[in-house]
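The structure appears below as structure tokens.
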Amino acid sequence: MRRAGLAALGPVLGLAACATAPVAPMARPPATVAPAQIAPGVQYLYGSAEGAAISIQAWNALVAYAAGQVRARPRDSVVLAEGATLAAPAWESCGDKPFAAVFDVDETVLLNLGYEADDAQHPGRAFDAARWDRWERTGMGKVAPVPGARDALAALRAMGVTVVFNTNRAAKNAAETVATIEGAGLGPAKHKDTLYLAGDDNTGSAKDVRRWWIADRFCVIAMGGDQLGDFSDLFNAISNPAARRAAASQPAIARLWGAGWFVLPNPVYGTALKGGLDDIFPADKRWPDPGARKE
């Protein structure tokens with residue numbers, strides 16, 4: 001936190017006093033204890049201004065990038081072609097296809113507030129597919145748009161870019177998912193046209209086949225998601241956190257972040273949340289505190 005400036009302190013201390021007397025450093029506010037059931041990641045994503053700002057930042061960048069691509073008419077889509085690798089990427093071609101942008105739904109365009117509020121009241125509860133299915137069917141009206149998403153999707157559509165959703169919500173709940181998306185002001189969404197769901201093909205939670213279907217019809221100029229699998233299933237074949245991080249950082253892929261591929265924050269669940277001490281902190285970067293008391 002920055003110290004308050006003189007202008008901010010003036011109404012309290014008097015501007016003249018501020019000009020002649022030194023201003024003492026602001027005392028650190030007393031630590032607040034978060035409710036035990038609210039995990040830090042949940043606080044950040046669903047409640048913090050910082051989480052909202054990062055989301056808005058991503059959406060603003062995506063719209064600006066898409067506008068440039070519409071003007072330039074790219075040769076290639078941002079969908080990896082069948083048979084491509086992360087080390088040697090190849091792309092679906094655009095030709096004269098109409099433009100589209102492809103997005104995941106949950107925690108990319110839509111915040112599942114009702115579901116996470118229920119989870120927060122039952123800390124430590126494991127994921128239950130049946131409960132998630134109930135949420136898909138009955139959670140309409142208990143969601144909110146991700147900050148920045150509603151305006152961004154409207155801007156994309158206004159420039160002639162079709163918005164397509166590619167989500168792992170279940171095909172059997174297509175009508176409810178359409179109602180949820182449209183009820184949040186993010187639509188339109190039409191199943192198997194601008195909405196693709198798990199069960200539309202035989203690949204389960206993998207999304208590449210659905211992406212290829214979309215790329216057959218559209219020149220995909222931007223994609224957004226909160227998990228790397230929202231960009232390519234190739235990432236999901238890498239289980240080691242360090243190797244996964246390296247794959248996302250290699251030059252052939254690194255150039256795409258913010259330039260076709262846009263990541264939304266999600267510190268709450270998903271493929272990013274794994275790895276122990278040895279996976280995350282290299283042994284040569286450990287710091288043995290010289291002032292630590294020996295036990």
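By order in the structure tokens, chains are A, B, ...; within a chain, residues start at 1; ligands start at 1, following the order shown.
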* Asked: Could you name the residues that touch A:Ala61 at 12 Å or less, counting only C-alpha atoms, but leaving out those on the same chain fewer than 5 positions away, as a PyMOL selection string?
  -> chain A and resi 54-56+66-68+148-149+152+156+222-224+257-264
* Asked: Among stretch 229-269 of chain A, which ones does DSSP place in alpha helix (DSSP H), written as JSON, numbers by chain?
  -> {"A": [241, 242, 243, 244, 245, 246, 247, 248, 249, 251, 252, 253, 254]}
Please report as a tab-separated table every residue of stretch 130-204 of chain A lying within 10 Å of stretch 228-231 of chain A, along with the nearest atom pair and their distance in Å (one decimal), using only C-alpha atoms.
```
residue	atom	partner	partner_atom	distance
A:Asn166	CA	A:Asp230	CA	8.1
A:Thr167	CA	A:Asp230	CA	8.5
A:Asn168	CA	A:Asp230	CA	9.9
```
* Distance of atom CA of A:Pro147 from atom CA of A:Ala49, expressed in Å to one decimal place -> 9.9 Å
* To do: Find, counting only C-alpha atoms, the residue in A:Ala243, A:Ala64, A:Leu273, A:Ile221 that gets nearest to A:Asp76.
  => A:Ile221
* To do: Might you pull out every residue within 10 Å of A:Asp106, with only C-alpha atoms counted and same-chain residues fewer than 2 positions away left off, and present them as an MDAnalysis selection string?
  => chainID A and resid 103:104 108:112 143 145:146 167:169 181 225:226 266
Keeping only N, CA and C atoms, write the selected residues to a file as a PDB file, in the first residue's frame.
```pdb
ATOM      1  N   PHE A 103     -14.478 -18.900 -26.833  1.00  0.00           N
ATOM      2  CA  PHE A 103     -14.274 -18.747 -25.398  1.00  0.00           C
ATOM      3  C   PHE A 103     -14.799 -19.936 -24.616  1.00  0.00           C
ATOM      4  N   ASP A 104     -14.054 -20.296 -23.593  1.00  0.00           N
ATOM      5  CA  ASP A 104     -14.576 -21.132 -22.530  1.00  0.00           C
ATOM      6  C   ASP A 104     -15.695 -20.349 -21.836  1.00  0.00           C
ATOM      7  N   THR A 108     -14.415 -17.857 -17.330  1.00  0.00           N
ATOM      8  CA  THR A 108     -13.847 -17.113 -18.450  1.00  0.00           C
ATOM      9  C   THR A 108     -14.797 -15.992 -18.849  1.00  0.00           C
ATOM     10  N   VAL A 109     -16.044 -16.329 -19.130  1.00  0.00           N
ATOM     11  CA  VAL A 109     -17.051 -15.285 -19.365  1.00  0.00           C
ATOM     12  C   VAL A 109     -18.058 -15.220 -18.222  1.00  0.00           C
ATOM     13  N   LEU A 110     -18.110 -16.269 -17.409  1.00  0.00           N
ATOM     14  CA  LEU A 110     -19.161 -16.414 -16.405  1.00  0.00           C
ATOM     15  C   LEU A 110     -18.552 -16.782 -15.058  1.00  0.00           C
ATOM     16  N   LEU A 111     -18.939 -16.081 -14.003  1.00  0.00           N
ATOM     17  CA  LEU A 111     -18.521 -16.420 -12.647  1.00  0.00           C
ATOM     18  C   LEU A 111     -19.631 -17.219 -11.970  1.00  0.00           C
ATOM     19  N   ASN A 112     -19.276 -18.393 -11.466  1.00  0.00           N
ATOM     20  CA  ASN A 112     -20.247 -19.290 -10.832  1.00  0.00           C
ATOM     21  C   ASN A 112     -20.409 -18.944  -9.352  1.00  0.00           C
ATOM     22  N   VAL A 143     -25.335 -16.529 -11.234  1.00  0.00           N
ATOM     23  CA  VAL A 143     -24.039 -16.295 -11.864  1.00  0.00           C
ATOM     24  C   VAL A 143     -23.913 -14.806 -12.169  1.00  0.00           C
ATOM     25  N   PRO A 145     -21.488 -12.067 -15.036  1.00  0.00           N
ATOM     26  CA  PRO A 145     -20.444 -12.007 -16.055  1.00  0.00           C
ATOM     27  C   PRO A 145     -19.084 -11.743 -15.416  1.00  0.00           C
ATOM     28  N   VAL A 146     -18.045 -12.326 -15.976  1.00  0.00           N
ATOM     29  CA  VAL A 146     -16.689 -11.961 -15.584  1.00  0.00           C
ATOM     30  C   VAL A 146     -16.502 -10.473 -15.874  1.00  0.00           C
ATOM     31  N   THR A 167     -17.276 -25.142 -24.193  1.00  0.00           N
ATOM     32  CA  THR A 167     -17.235 -25.401 -22.761  1.00  0.00           C
ATOM     33  C   THR A 167     -17.427 -26.885 -22.467  1.00  0.00           C
ATOM     34  N   ASN A 168     -16.979 -27.302 -21.298  1.00  0.00           N
ATOM     35  CA  ASN A 168     -17.187 -28.683 -20.883  1.00  0.00           C
ATOM     36  C   ASN A 168     -18.426 -28.853 -20.015  1.00  0.00           C
ATOM     37  N   ARG A 169     -19.324 -27.895 -20.038  1.00  0.00           N
ATOM     38  CA  ARG A 169     -20.670 -28.172 -19.531  1.00  0.00           C
ATOM     39  C   ARG A 169     -21.285 -29.254 -20.425  1.00  0.00           C
ATOM     40  N   ILE A 181     -26.106 -18.485 -19.973  1.00  0.00           N
ATOM     41  CA  ILE A 181     -25.285 -17.531 -20.723  1.00  0.00           C
ATOM     42  C   ILE A 181     -26.107 -16.309 -21.119  1.00  0.00           C
ATOM     43  N   GLY A 225      -9.610 -18.213 -22.291  1.00  0.00           N
ATOM     44  CA  GLY A 225      -9.924 -19.272 -21.336  1.00  0.00           C
ATOM     45  C   GLY A 225      -9.157 -19.086 -20.047  1.00  0.00           C
ATOM     46  N   ASP A 226      -9.513 -19.893 -19.047  1.00  0.00           N
ATOM     47  CA  ASP A 226      -8.833 -19.832 -17.752  1.00  0.00           C
ATOM     48  C   ASP A 226      -7.955 -21.055 -17.504  1.00  0.00           C
ATOM     49  N   ASN A 266      -7.704 -17.583 -12.732  1.00  0.00           N
ATOM     50  CA  ASN A 266      -8.497 -18.538 -11.955  1.00  0.00           C
ATOM     51  C   ASN A 266      -7.588 -19.229 -10.940  1.00  0.00           C
TER      52      ASN A 266
END
```
Can you build me a table of stretch 41-103 of chain A residues sitting at most 10 Å from stretch 234-239 of chain A, with the closest atom pair per residue and its distance in Å to one decimal, using only C-alpha atoms, sorted by chain and residue number, as a tab-separated table?
```
residue	atom	partner	partner_atom	distance
A:Leu80	CA	A:Leu234	CA	9.7
A:Ala84	CA	A:Leu234	CA	9.2
A:Thr85	CA	A:Leu234	CA	7.3
A:Leu86	CA	A:Leu234	CA	7.1
```
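The coordinates place atom CA of A:Ala126 at 14.2 Å from atom CA of A:Gln37.
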* To do: Could you give me, as number ranges by chain, each residue of stretch 70-184 of chain A that DSSP assigns to strand (DSSP E) when run on this structure's backbone?
  => A: 76-80, 91-93, 99-103, 110-111, 144-145, 162-170
* May I have the residues within 10 Å of A:Ala179 as a PyMOL selection string, using only C-alpha atoms and disregarding those fewer than 4 positions away in the same chain? => chain A and resi 137+139-141+174-175+183-185+187-189
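For the pair atom CA of A:Gly95 and atom CA of A:Ser205, the interatomic distance is 28.9 Å.
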* To do: Find the residues near A:Arg131: any atom within 12 Å, counting only C-alpha atoms, skip ones fewer than 5 places away on the same chain, and give them as number ranges by chain.
  => A: 115-116, 118-119, 125-126, 136-139
Let me see the file: selected residues, N, CA, C and O atoms, as a compact mmCIF listing (two decimals), in the first residue's frame.
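So the final result, stored in result.txt, reads:
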```
# COMPACT_ATOMS: atom_id res chain seq x y z
N TYR A 115 -22.50 -21.40 -6.98
CA TYR A 115 -21.82 -22.67 -6.73
C TYR A 115 -20.65 -22.47 -5.75
O TYR A 115 -20.48 -23.25 -4.80
N GLU A 116 -19.86 -21.44 -5.98
CA GLU A 116 -18.70 -21.21 -5.11
C GLU A 116 -19.11 -20.75 -3.72
O GLU A 116 -18.44 -21.07 -2.73
N ASP A 118 -21.75 -21.82 -2.16
CA ASP A 118 -22.12 -23.06 -1.48
C ASP A 118 -20.88 -23.85 -1.08
O ASP A 118 -20.81 -24.40 0.02
N ASP A 119 -19.88 -23.89 -1.97
CA ASP A 119 -18.63 -24.57 -1.66
C ASP A 119 -17.95 -23.93 -0.45
O ASP A 119 -17.40 -24.63 0.41
N ARG A 125 -14.75 -29.95 0.97
CA ARG A 125 -15.59 -30.88 0.24
C ARG A 125 -14.99 -31.15 -1.13
O ARG A 125 -14.60 -30.24 -1.86
N ALA A 126 -14.92 -32.41 -1.51
CA ALA A 126 -14.36 -32.80 -2.80
C ALA A 126 -15.33 -32.48 -3.93
O ALA A 126 -16.55 -32.37 -3.71
N GLU A 136 -25.47 -27.01 -13.08
CA GLU A 136 -25.72 -26.67 -14.48
C GLU A 136 -27.22 -26.54 -14.75
O GLU A 136 -27.65 -25.69 -15.52
N ARG A 137 -28.01 -27.42 -14.13
CA ARG A 137 -29.44 -27.46 -14.40
C ARG A 137 -30.24 -26.41 -13.64
O ARG A 137 -31.32 -26.02 -14.10
N THR A 138 -29.73 -25.96 -12.50
CA THR A 138 -30.55 -25.09 -11.64
C THR A 138 -29.88 -23.78 -11.24
O THR A 138 -30.49 -23.00 -10.51
N GLY A 139 -28.66 -23.53 -11.72
CA GLY A 139 -27.91 -22.37 -11.25
C GLY A 139 -28.16 -21.07 -12.00
O GLY A 139 -27.51 -20.06 -11.71
```
* **Pick from A:Asp133, A:Phe218, A:Ala158, A:Asp128, whichever lies nearest to A:Lys97 using only C-alpha atoms** =>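 Distance minimum relative to A:Lys97 lands on A:Phe218.
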* Pick from A:Thr194, A:Gln57, A:Thr203, A:Gln227 nearest to A:Thr162, counting only C-alpha atoms ->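 The answer is A:Thr194, which sits nearest to A:Thr162.
Proximity to A:Leu195 was assessed for A:Ala130, A:Ala144, A:Ala39, A:Ile214 counting only C-alpha atoms; the smallest distance is recorded for A:Ile214.
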